[in-house]
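Structure file upload26.txt (compact mmCIF, C-alpha atoms and all ligand atoms) is printed below.
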# COMPACT_ATOMS: atom_id res chain seq x y z
CA MET A 1 -14.55 20.92 -17.96
CA LYS A 2 -13.28 20.73 -14.43
CA ARG A 3 -15.64 23.48 -13.39
CA SER A 4 -18.66 21.76 -14.85
CA LEU A 5 -17.76 18.57 -12.98
CA LYS A 6 -17.65 20.47 -9.75
CA ALA A 7 -21.07 21.81 -10.59
CA ILE A 8 -22.65 18.38 -10.41
CA PRO A 9 -24.45 18.36 -7.09
CA LEU A 10 -23.26 15.88 -4.47
CA VAL A 11 -26.68 14.24 -4.37
CA LEU A 12 -26.41 13.38 -8.02
CA ILE A 13 -22.97 11.84 -7.52
CA GLY A 14 -24.47 9.82 -4.69
CA ILE A 15 -27.23 8.53 -6.92
CA MET A 16 -24.76 7.67 -9.68
CA LEU A 17 -22.62 5.73 -7.20
CA ALA A 18 -25.63 3.86 -5.85
CA VAL A 19 -26.64 2.84 -9.37
CA LEU A 20 -23.08 1.67 -10.03
CA VAL A 21 -22.91 -0.40 -6.85
CA SER A 22 -26.25 -2.07 -7.44
CA ALA A 23 -25.24 -2.76 -11.05
CA CYS A 24 -22.15 -4.52 -9.72
CA ASN A 25 -24.16 -6.59 -7.28
CA SER A 26 -26.76 -7.60 -9.79
CA SER A 27 -24.01 -8.70 -12.16
CA GLY A 28 -23.76 -11.93 -10.20
CA SER A 29 -20.84 -11.05 -7.95
CA LYS A 30 -22.64 -12.05 -4.75
CA VAL A 31 -20.74 -14.40 -2.49
CA ASP A 32 -22.04 -16.48 0.45
CA VAL A 33 -18.86 -17.13 2.39
CA GLY A 34 -15.88 -14.78 2.46
CA ILE A 35 -12.52 -16.13 3.60
CA VAL A 36 -9.57 -13.93 4.53
CA LEU A 37 -6.13 -15.45 5.20
CA PRO A 38 -3.00 -13.67 6.49
CA THR A 39 -0.30 -14.13 3.86
CA LYS A 40 0.79 -16.12 0.83
CA ASP A 41 4.40 -15.80 1.95
CA GLU A 42 4.11 -18.76 4.32
CA PRO A 43 3.33 -22.25 2.97
CA ARG A 44 1.03 -22.83 5.95
CA TRP A 45 -1.62 -20.40 4.65
CA VAL A 46 -1.29 -21.35 0.99
CA GLN A 47 -2.03 -24.84 2.17
CA ASP A 48 -5.13 -23.67 4.00
CA GLU A 49 -6.29 -21.97 0.79
CA GLN A 50 -5.95 -25.23 -1.15
CA ARG A 51 -7.75 -27.22 1.58
CA PHE A 52 -10.59 -24.67 1.55
CA LYS A 53 -10.88 -24.96 -2.22
CA ASP A 54 -10.96 -28.76 -2.02
CA ALA A 55 -13.63 -28.72 0.67
CA LEU A 56 -15.80 -25.99 -0.85
CA LYS A 57 -16.11 -27.77 -4.20
CA ASP A 58 -18.80 -29.99 -2.73
CA THR A 59 -21.06 -27.31 -1.24
CA LYS A 60 -23.78 -25.36 -2.97
CA TYR A 61 -22.47 -22.11 -1.53
CA SER A 62 -20.24 -19.64 -3.32
CA SER A 63 -17.05 -18.40 -1.70
CA GLU A 64 -14.10 -16.16 -2.25
CA ILE A 65 -10.65 -16.32 -0.62
CA LEU A 66 -8.52 -13.19 -0.20
CA PHE A 67 -5.03 -12.77 1.28
CA SER A 68 -3.92 -9.86 3.44
CA GLN A 69 -0.20 -10.11 2.69
CA GLY A 70 0.87 -9.34 6.24
CA SER A 71 -1.00 -6.03 6.33
CA SER A 72 -3.93 -5.16 8.59
CA ALA A 73 -4.88 -2.33 6.20
CA LYS A 74 -5.10 -4.76 3.29
CA GLU A 75 -7.06 -7.12 5.53
CA LYS A 76 -9.63 -4.39 6.23
CA GLU A 77 -9.89 -3.68 2.49
CA ASN A 78 -10.46 -7.38 1.87
CA VAL A 79 -13.22 -7.55 4.45
CA ASP A 80 -14.87 -4.41 3.04
CA ALA A 81 -14.70 -5.88 -0.48
CA LEU A 82 -16.41 -9.05 0.76
CA ILE A 83 -19.06 -7.07 2.65
CA ALA A 84 -19.81 -5.30 -0.64
CA LYS A 85 -20.37 -8.74 -2.16
CA ASP A 86 -23.08 -9.40 0.39
CA ILE A 87 -21.40 -12.30 2.21
CA LYS A 88 -23.35 -13.88 5.05
CA VAL A 89 -20.40 -15.50 6.82
CA LEU A 90 -16.83 -14.29 7.16
CA ILE A 91 -14.09 -16.79 8.00
CA ILE A 92 -11.01 -14.80 8.92
CA CYS A 93 -7.52 -15.56 10.19
CA PRO A 94 -6.23 -12.20 11.38
CA GLN A 95 -2.81 -10.84 10.61
CA ASP A 96 -2.90 -9.00 13.93
CA GLY A 97 -5.50 -10.10 16.48
CA ASP A 98 -6.20 -6.65 17.92
CA ALA A 99 -6.03 -4.72 14.66
CA ALA A 100 -8.55 -7.03 12.98
CA ALA A 101 -11.25 -5.86 15.42
CA ALA A 102 -12.08 -2.87 13.21
CA ALA A 103 -12.60 -5.08 10.16
CA VAL A 104 -14.93 -7.53 11.90
CA GLU A 105 -16.86 -4.73 13.54
CA SER A 106 -17.75 -3.48 10.03
CA ALA A 107 -18.83 -7.01 9.17
CA LYS A 108 -20.97 -7.23 12.28
CA LYS A 109 -22.68 -3.94 11.39
CA ALA A 110 -23.53 -5.45 8.02
CA GLY A 111 -25.21 -8.41 9.78
CA ILE A 112 -22.44 -10.88 8.92
CA GLN A 113 -21.50 -13.72 11.27
CA VAL A 114 -17.78 -13.87 11.93
CA ILE A 115 -15.73 -17.03 12.44
CA SER A 116 -12.20 -16.43 13.70
CA TYR A 117 -10.01 -19.02 12.02
CA ASP A 118 -6.93 -20.51 13.78
CA ARG A 119 -5.96 -17.15 15.34
CA LEU A 120 -8.37 -15.43 17.71
CA ILE A 121 -9.47 -11.85 16.99
CA THR A 122 -9.08 -10.05 20.29
CA ASN A 123 -10.76 -7.29 22.29
CA THR A 124 -13.98 -7.00 20.33
CA ASP A 125 -17.47 -8.44 20.62
CA ALA A 126 -17.75 -8.79 16.84
CA VAL A 127 -16.50 -12.40 16.76
CA ASN A 128 -19.23 -15.05 16.84
CA TYR A 129 -17.18 -18.25 16.67
CA TYR A 130 -13.62 -19.51 16.86
CA VAL A 131 -12.31 -22.58 15.07
CA THR A 132 -8.89 -23.60 16.30
CA PHE A 133 -6.33 -26.25 17.05
CA ASP A 134 -5.41 -26.83 20.67
CA SER A 135 -2.61 -24.26 20.69
CA VAL A 136 -1.59 -24.75 24.31
CA ALA A 137 -1.14 -28.45 23.47
CA VAL A 138 1.09 -27.45 20.53
CA GLY A 139 3.47 -25.62 22.87
CA LYS A 140 3.37 -28.46 25.39
CA ALA A 141 4.20 -31.02 22.71
CA GLN A 142 7.15 -28.99 21.42
CA ALA A 143 8.53 -28.63 24.93
CA GLN A 144 7.90 -32.26 25.89
CA TYR A 145 9.94 -33.34 22.88
CA LEU A 146 12.89 -31.26 24.09
CA VAL A 147 12.51 -32.72 27.58
CA ASP A 148 12.30 -36.31 26.27
CA HIS A 149 15.48 -35.82 24.25
CA ALA A 150 17.44 -33.87 26.85
CA LYS A 151 21.03 -34.93 27.37
CA GLY A 152 22.51 -34.76 30.86
CA ASN A 153 22.25 -31.75 33.12
CA GLY A 154 22.45 -28.00 32.59
CA GLN A 155 21.83 -28.32 28.88
CA PRO A 156 21.63 -24.93 27.12
CA LEU A 157 18.06 -24.09 26.11
CA TYR A 158 17.33 -21.53 23.41
CA LEU A 159 13.81 -20.09 23.35
CA TYR A 160 12.11 -18.57 20.32
CA ALA A 161 8.50 -17.36 19.99
CA GLY A 162 5.96 -16.25 17.39
CA ALA A 163 4.67 -12.74 16.74
CA ALA A 164 3.30 -10.82 19.71
CA SER A 165 0.46 -9.58 17.47
CA ASP A 166 -0.76 -13.19 17.24
CA ASN A 167 -2.66 -14.48 20.26
CA ASN A 168 -1.48 -18.00 19.38
CA ALA A 169 2.12 -17.02 20.09
CA PHE A 170 1.08 -16.59 23.74
CA LEU A 171 -0.81 -19.89 23.85
CA PHE A 172 2.12 -21.80 22.32
CA PHE A 173 4.49 -20.15 24.78
CA GLU A 174 2.19 -20.80 27.72
CA GLY A 175 2.08 -24.51 26.85
CA ALA A 176 5.84 -24.71 26.34
CA TRP A 177 6.64 -22.83 29.55
CA SER A 178 4.43 -25.12 31.61
CA VAL A 179 6.58 -28.08 30.54
CA LEU A 180 9.99 -26.40 30.37
CA GLN A 181 9.94 -24.32 33.55
CA PRO A 182 10.06 -27.33 35.94
CA LYS A 183 12.98 -28.66 33.91
CA VAL A 184 14.81 -25.37 34.26
CA SER A 185 14.08 -25.47 37.98
CA ASP A 186 15.48 -28.99 38.38
CA GLY A 187 18.64 -28.10 36.45
CA THR A 188 17.99 -30.14 33.30
CA PHE A 189 18.07 -26.99 31.18
CA THR A 190 19.78 -23.61 31.47
CA ILE A 191 18.16 -20.80 29.51
CA ALA A 192 20.79 -19.42 27.16
CA ASN A 193 19.27 -16.55 25.20
CA SER A 194 16.72 -14.58 27.24
CA SER A 195 17.52 -12.52 30.32
CA GLU A 196 13.76 -11.98 30.82
CA ALA A 197 13.14 -15.74 30.89
CA VAL A 198 16.05 -16.20 33.28
CA ALA A 199 14.56 -13.55 35.57
CA LEU A 200 11.23 -15.40 35.58
CA LYS A 201 12.60 -18.93 35.68
CA ASP A 202 11.18 -19.74 39.11
CA LYS A 203 7.60 -18.85 38.20
CA ALA A 204 5.50 -21.80 37.14
CA GLU A 205 2.73 -19.64 35.71
CA LEU A 206 3.34 -16.38 33.93
CA SER A 207 0.93 -13.49 33.50
CA ARG A 208 0.31 -12.20 29.99
CA GLU A 209 2.57 -9.28 30.80
CA GLU A 210 5.38 -11.57 31.92
CA GLN A 211 4.97 -13.71 28.82
CA SER A 212 5.12 -10.50 26.79
CA LYS A 213 8.48 -9.60 28.28
CA ILE A 214 10.01 -12.89 27.19
CA ILE A 215 8.24 -13.02 23.83
CA SER A 216 9.35 -9.52 22.88
CA GLN A 217 12.93 -10.59 23.54
CA VAL A 218 12.85 -13.85 21.59
CA THR A 219 10.17 -13.18 18.98
CA THR A 220 10.70 -14.28 15.39
CA ASN A 221 7.66 -12.30 14.29
CA TRP A 222 6.91 -15.50 12.37
CA ASP A 223 9.59 -14.38 9.96
CA PRO A 224 12.29 -16.94 9.04
CA ASN A 225 14.75 -14.16 8.29
CA GLU A 226 14.25 -12.51 11.63
CA ALA A 227 14.62 -15.93 13.25
CA LYS A 228 17.88 -16.50 11.43
CA ASN A 229 19.30 -13.11 12.45
CA LYS A 230 18.31 -13.64 16.06
CA ALA A 231 19.85 -17.11 16.19
CA GLN A 232 23.06 -15.74 14.70
CA THR A 233 23.17 -12.95 17.28
CA HIS A 234 22.54 -15.44 20.08
CA LEU A 235 25.27 -17.81 18.99
CA THR A 236 27.74 -14.98 18.52
CA ALA A 237 27.08 -13.88 22.10
CA ALA A 238 27.05 -17.42 23.53
CA SER A 239 29.87 -18.67 25.74
CA ALA A 240 31.41 -22.11 25.21
CA ASP A 241 29.23 -23.69 27.89
CA GLN A 242 26.16 -22.41 26.06
CA LYS A 243 27.05 -24.57 23.07
CA GLY A 244 27.72 -28.34 22.86
CA ASP A 245 24.46 -30.31 22.97
CA VAL A 246 21.61 -27.81 22.91
CA ALA A 247 17.81 -27.76 22.93
CA ILE A 248 15.88 -25.22 20.86
CA LEU A 249 12.23 -24.27 21.22
CA ALA A 250 11.35 -23.02 17.73
CA PRO A 251 7.71 -21.95 17.37
CA ASN A 252 6.94 -23.15 13.84
CA ASP A 253 8.47 -24.87 10.84
CA GLY A 254 9.40 -21.78 8.84
CA THR A 255 11.42 -20.36 11.72
CA ALA A 256 12.68 -23.80 12.84
CA ARG A 257 14.38 -24.43 9.50
CA SER A 258 16.26 -21.16 9.53
CA ILE A 259 17.21 -21.46 13.21
CA ALA A 260 18.34 -25.07 12.61
CA ASP A 261 20.51 -23.97 9.68
CA VAL A 262 22.26 -21.41 11.89
CA PHE A 263 22.91 -23.91 14.71
CA ALA A 264 24.05 -26.55 12.21
CA SER A 265 26.69 -24.21 10.85
CA ASP A 266 28.30 -23.57 14.26
CA SER A 267 31.06 -26.12 14.83
CA ALA A 268 30.89 -25.63 18.61
CA VAL A 269 27.30 -26.90 18.59
CA THR A 270 27.76 -30.67 18.71
CA SER A 271 24.10 -31.61 18.52
CA PHE A 272 20.73 -29.93 18.76
CA VAL A 273 17.10 -30.88 19.16
CA VAL A 274 14.73 -28.37 17.57
CA SER A 275 10.95 -28.22 17.60
CA GLY A 276 8.57 -26.99 14.91
CA GLN A 277 4.91 -26.92 13.95
CA ASP A 278 2.72 -27.12 10.83
CA ALA A 279 4.18 -30.17 9.07
CA GLU A 280 5.24 -28.00 6.16
CA LYS A 281 6.60 -30.04 3.27
CA ALA A 282 10.05 -28.46 3.53
CA SER A 283 10.20 -29.37 7.21
CA ILE A 284 9.07 -32.92 6.57
CA GLN A 285 12.05 -33.22 4.24
CA TYR A 286 14.24 -31.67 6.98
CA ILE A 287 12.94 -34.26 9.46
CA ILE A 288 13.60 -37.12 7.04
CA ASP A 289 17.12 -35.72 6.52
CA GLY A 290 17.72 -35.32 10.29
CA LYS A 291 17.97 -31.52 10.09
CA GLN A 292 14.84 -30.74 12.15
CA SER A 293 13.82 -32.97 15.06
CA MET A 294 10.03 -32.79 15.12
CA THR A 295 6.98 -30.91 14.03
CA VAL A 296 3.48 -30.61 15.40
CA PHE A 297 1.11 -31.77 12.70
CA LYS A 298 -2.05 -29.71 12.58
CA ASP A 299 -4.37 -31.38 10.11
CA VAL A 300 -5.71 -28.36 8.29
CA ARG A 301 -8.34 -30.54 6.61
CA ASN A 302 -10.10 -30.80 10.00
CA LEU A 303 -9.95 -27.09 10.68
CA VAL A 304 -11.32 -26.33 7.23
CA LYS A 305 -14.05 -28.94 7.62
CA ASP A 306 -15.06 -27.52 11.01
CA SER A 307 -15.23 -23.94 9.79
CA ILE A 308 -17.18 -24.86 6.68
CA SER A 309 -19.71 -26.89 8.60
CA MET A 310 -20.05 -23.97 10.97
CA ALA A 311 -20.65 -21.64 8.02
CA ILE A 312 -23.20 -24.03 6.54
CA SER A 313 -25.08 -24.20 9.86
CA ILE A 314 -25.17 -20.42 9.99
CA LEU A 315 -26.36 -20.17 6.38
CA GLY A 316 -29.07 -22.70 7.20
CA ASP A 317 -30.13 -20.73 10.29
CA LYS A 318 -28.91 -23.44 12.63
CA THR A 319 -26.67 -23.07 15.66
CA PRO A 320 -23.16 -24.40 14.95
CA GLU A 321 -21.74 -27.10 17.17
CA THR A 322 -19.05 -25.88 19.57
CA THR A 323 -16.94 -27.54 22.25
CA GLY A 324 -15.95 -24.71 24.60
CA VAL A 325 -15.17 -21.03 24.84
CA TYR A 326 -12.13 -18.77 24.49
CA ASN A 327 -12.11 -15.38 26.13
CA ASN A 328 -10.81 -12.80 23.67
CA GLY A 329 -10.30 -10.03 26.23
CA LYS A 330 -13.84 -8.72 25.74
CA VAL A 331 -16.19 -11.67 25.36
CA ASP A 332 -16.28 -15.45 25.61
CA VAL A 333 -16.23 -16.72 22.04
CA GLN A 334 -17.89 -20.07 21.32
CA ALA A 335 -15.16 -22.34 20.01
CA LYS A 336 -14.58 -25.64 18.26
CA GLN A 337 -11.14 -27.06 19.01
CA THR A 338 -9.26 -29.82 17.26
CA ASP A 339 -6.30 -31.97 18.33
CA VAL A 340 -2.71 -32.01 17.14
CA GLN A 341 -0.13 -34.75 16.64
CA VAL A 342 3.63 -34.94 17.17
CA VAL A 343 5.56 -36.07 14.11
CA ASP A 344 9.21 -37.04 13.96
CA LYS A 345 11.35 -39.37 11.90
CA ASP A 346 9.79 -42.45 13.50
CA ASN A 347 6.16 -41.79 12.59
CA VAL A 348 6.39 -39.41 9.67
CA LYS A 349 5.22 -41.99 7.16
CA ALA A 350 2.29 -43.22 9.22
CA ALA A 351 1.13 -39.72 10.18
CA LEU A 352 1.45 -37.91 6.88
CA ILE A 353 1.65 -40.38 4.02
CA ASP A 354 -0.68 -43.13 5.20
CA SER A 355 -3.23 -40.47 6.17
CA LYS A 356 -2.97 -39.12 2.60
CA TYR A 357 -2.01 -35.67 3.81
CA TYR A 358 1.00 -35.78 1.51
CA GLU A 359 2.20 -38.17 -1.16
CA ALA A 360 5.39 -40.18 -0.70
CA SER A 361 6.61 -38.92 -4.08
CA GLU A 362 6.84 -35.39 -2.66
CA PHE A 363 9.82 -36.45 -0.53
CA THR A 364 13.17 -38.14 -0.96
CA GLY A 365 14.67 -40.74 1.38
CA LEU A 366 11.41 -41.68 3.09
C1 LIG B 401 -0.45 -20.54 13.35
C2 LIG B 401 0.73 -21.37 12.95
C3 LIG B 401 1.62 -20.59 12.01
C4 LIG B 401 1.94 -19.22 12.58
C5 LIG B 401 2.69 -18.35 11.59
C6 LIG B 401 0.03 -19.24 13.93
O1 LIG B 401 -1.03 -18.46 14.33
O2 LIG B 401 -1.25 -21.22 14.27
O3 LIG B 401 0.29 -22.56 12.34
O4 LIG B 401 2.83 -21.26 11.78
O5 LIG B 401 0.77 -18.55 12.94
O6 LIG B 401 1.92 -18.06 10.48

Any chance you could give the structure as C-alpha cells?
Amino acid sequence: MKRSLKAIPLVLIGIMLAVLVSACNSSGSKVDVGIVLPTKDEPRWVQDEQRFKDALKDTKYSSEILFSQGSSAKEKENVDALIAKDIKVLIICPQDGDAAAAAVESAKKAGIQVISYDRLITNTDAVNYYVTFDSVAVGKAQAQYLVDHAKGNGQPLYLYAGAASDNNAFLFFEGAWSVLQPKVSDGTFTIANSSEAVALKDKAELSREEQSKIISQVTTNWDPNEAKNKAQTHLTAASADQKGDVAILAPNDGTARSIADVFASDSAVTSFVVSGQDAEKASIQYIIDGKQSMTVFKDVRNLVKDSISMAISILGDKTPETTGVYNNGKVDVQAKQTDVQVVDKDNVKAALIDSKYYEASEFTGL
C-alpha cells in the first residue's frame, strides 16, 4: 500500500490538493475581514474581541477573530489561515512587533491591506495603516499622576515597563520618562530599582538603545507573574530609605495589581502610589478599594470603531481617514490616533459607568 501511494505522481497530488482547497473555499468559508489578537490570557484583549463582535454585528461584512496565544508562530498560522479564506483586510495586533513582519508580508503578497491594531508592526513595508491610542500620552499621564501625588523630597521611585517586543512599551516609557526625569533631577524622586535608569538620570531624552537598557532591566514582559517576582526581588534588595512612601510606575493594570500586592504586603512600605492602564474590571475594583491609585482608560470602543471604518473604506475602495504617521523603522505608516483618559477614585463613576463602558453592578463599593 505504501509503495503504491508513493507511486502517485506529485502533479496528481498537487491537483488533488487544489481541488480540495477550492472545495473548501466554495463551501462558503470566505471571510472579508480577518482579525488577529495577541492573547486570551489578558482581559484587555478579550475585551477587544467582545467590542469587535459588538461593532461588527451591524456591518454587512463577514469577519473572523483569531488569537495568537502569545506565540508569533501561532500568529503566522492564524494569518495564513485567514489568507486562505480570501480576506481583503487584516486587522492585527502583533504579539511581537518585529516577528509579525513575516506574517503581514504574506498578507501583502496576497493583495490584502493590513491595519496594525494598537501595537505597531515594525521594520516592514507590509503595513498599510495603524490604528492606535496616543501611547506617549499614556506614559505621560501615568508619570504625571506620580508627580502630582509625590510626598516630600527624595521619594523612592520604582520603575516597571512592558515587553521589549512591543513597540508600545517604548512609547509608554518615553512618555513617562519625559515627565519623571525632571523630577529625578530636581530631587523629588530617587530611582530605587534600576541602575541603568540611575546612570541615565540626567538625560532628558533617551535614544531607543538607552530606553532598551532600562526596559530590559525593569521589564514585566506584560506578565503579572514576572512583575510580581521582580517587585519581590526589588523589595528584598531595597534599603530602609528605599521604602516608606514610594511611587511606582507600573505599565498596565495586570502588572500594576501584582506589583501593588507585593508592595502592600511589605510593612516597611508605609504608602504607595501606583499607576496602571487599560481600565480592566479587576483594576477598577482595586481603585475603588484603594489598592491601585489610577489607570489610563483607553476606550476600546473607539479603537474598534476606527479600525472597522478603516476596513469598510478599504472594502469600498475608498481611502481611509488618517490623522498622522508613525515611522515603523522602515516606512511611515498612515495612522489614526485616539485620546486616553486618566481615571482614579474621584472620577471612576463618571468615566466608566456614566459612559456605559461598564455597569455599576459589576463592582462593589462604588
Ligand atoms: C497595550 C496595552 C496592554 C499591553 C499588554 C500594549 O501594547 O497597548 O493596552 O496592556 O500591551 O497586553

Per residue of chain A within 6 Å of ligand LIG 401 (chain B), note the shortest atom pair and the distance in Å to one decimal, counting only C-alpha atoms and all ligand atoms, and order the rows by chain and increasing residue number, as a Markdown table.
| residue | atom | partner | partner_atom | distance |
| --- | --- | --- | --- | --- |
| A:Asp118 | CA | B:LIG401 | O2 | 5.7 |
| A:Arg119 | CA | B:LIG401 | O1 | 5.2 |
| A:Asn168 | CA | B:LIG401 | O1 | 5.1 |
| A:Trp222 | CA | B:LIG401 | C5 | 5.2 |
| A:Asn252 | CA | B:LIG401 | O4 | 5.0 |
| A:Asp278 | CA | B:LIG401 | O3 | 5.4 |

If we draw a sphere of 6 Å around (5.1, -26.0, 19.4), which residues have at least one atom in it when counting all atoms listed in the file? Please report them as a ChimeraX atom specification.
/A:138-139,142,172,251,276-277

Could you pull the residues within 6 Å of Gly154 in chain A, counting only C-alpha atoms, minus those fewer than 6 positions along the same chain, as an MDAnalysis selection string?
chainID A and resid 187:190

Written selection (C-alpha atoms) as a PDB file, keeping the file's coordinate frame:
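As written to disk, result-v2.pdb reads:
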ATOM      1  CA  GLY A 187      18.640 -28.100  36.450  1.00  0.00           C
ATOM      2  CA  THR A 188      17.990 -30.140  33.300  1.00  0.00           C
ATOM      3  CA  PHE A 189      18.070 -26.990  31.180  1.00  0.00           C
ATOM      4  CA  THR A 190      19.780 -23.610  31.470  1.00  0.00           C
TER       5      THR A 190
END

Which residues are near Lys151 in chain A? Cut-off 9 Å, all atoms listed in the file, ignore same chain within fewer than 4 positions. Put them as a list in words.
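Listed by chain and then number, they are Val147, Gln155, Thr188, Asp245 and Val246 of chain A.
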
File dump, residues just selected, C-alpha atoms, as a PDB file, in the coordinates of the input:
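Full text of out_29.pdb as output:
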ATOM      1  CA  VAL A 147      12.510 -32.720  27.580  1.00  0.00           C
ATOM      2  CA  GLN A 155      21.830 -28.320  28.880  1.00  0.00           C
ATOM      3  CA  THR A 188      17.990 -30.140  33.300  1.00  0.00           C
ATOM      4  CA  ASP A 245      24.460 -30.310  22.970  1.00  0.00           C
ATOM      5  CA  VAL A 246      21.610 -27.810  22.910  1.00  0.00           C
TER       6      VAL A 246
END

Can you list, as a PyMOL selection string, every protein, DNA or RNA residue that comes within 10 Å of Val104 in chain A when you count all atoms listed in the file, leaving out same-chain residues fewer than 6 positions away?
chain A and resi 76+79-80+90+92+94+110+112-116+121+124-128

Counting all atoms listed in the file, figure out which residue out of A:Ile287, A:Ala199, A:Ala231, A:Leu180 gets nearest to Ala150 in chain A.
A:Leu180

Got a sec: who's within 9 Å of range 329-346 of chain A, counting all atoms listed in the file, leaving out chain neighbours fewer than 2 positions off, as a ChimeraX atom specification?
/A:122-125,127-135,137-138,141-142,145,277,279,284,287-290,292-299,302-303,306-307,321-327,348-352

Name the residues in contact with range 43-60 of chain A at a cut-off of 10 Å, using all atoms listed in the file, excluding same-chain residues fewer than 6 positions from it; report them as a list in words.
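With the cut-off at 10 Å, the set is Asp32, Val33, Ile35, Val36, Leu37, Leu66, Phe67, Cys93, Asn252, Asp253, Gly254, Gln277, Asp278, Ala279, Glu280, Lys281, Ala282, Asp299, Val300, Arg301, Asn302, Leu303, Val304, Lys305, Ser307, Ile308, Ser309 and Ile312 of chain A.
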
Restricted to C-alpha atoms, what would the selected residues look like written as a short mmCIF file (atom, residue, chain, number, x, y, z; two decimals), in the coordinates of the input?
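The resulting again.cif:
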data_model
loop_
_atom_site.label_atom_id
_atom_site.label_comp_id
_atom_site.auth_asym_id
_atom_site.auth_seq_id
_atom_site.Cartn_x
_atom_site.Cartn_y
_atom_site.Cartn_z
CA ASP A 32 -22.04 -16.48 0.45
CA VAL A 33 -18.86 -17.13 2.39
CA ILE A 35 -12.52 -16.13 3.60
CA VAL A 36 -9.57 -13.93 4.53
CA LEU A 37 -6.13 -15.45 5.20
CA LEU A 66 -8.52 -13.19 -0.20
CA PHE A 67 -5.03 -12.77 1.28
CA CYS A 93 -7.52 -15.56 10.19
CA ASN A 252 6.94 -23.15 13.84
CA ASP A 253 8.47 -24.87 10.84
CA GLY A 254 9.40 -21.78 8.84
CA GLN A 277 4.91 -26.92 13.95
CA ASP A 278 2.72 -27.12 10.83
CA ALA A 279 4.18 -30.17 9.07
CA GLU A 280 5.24 -28.00 6.16
CA LYS A 281 6.60 -30.04 3.27
CA ALA A 282 10.05 -28.46 3.53
CA ASP A 299 -4.37 -31.38 10.11
CA VAL A 300 -5.71 -28.36 8.29
CA ARG A 301 -8.34 -30.54 6.61
CA ASN A 302 -10.10 -30.80 10.00
CA LEU A 303 -9.95 -27.09 10.68
CA VAL A 304 -11.32 -26.33 7.23
CA LYS A 305 -14.05 -28.94 7.62
CA SER A 307 -15.23 -23.94 9.79
CA ILE A 308 -17.18 -24.86 6.68
CA SER A 309 -19.71 -26.89 8.60
CA ILE A 312 -23.20 -24.03 6.54
#
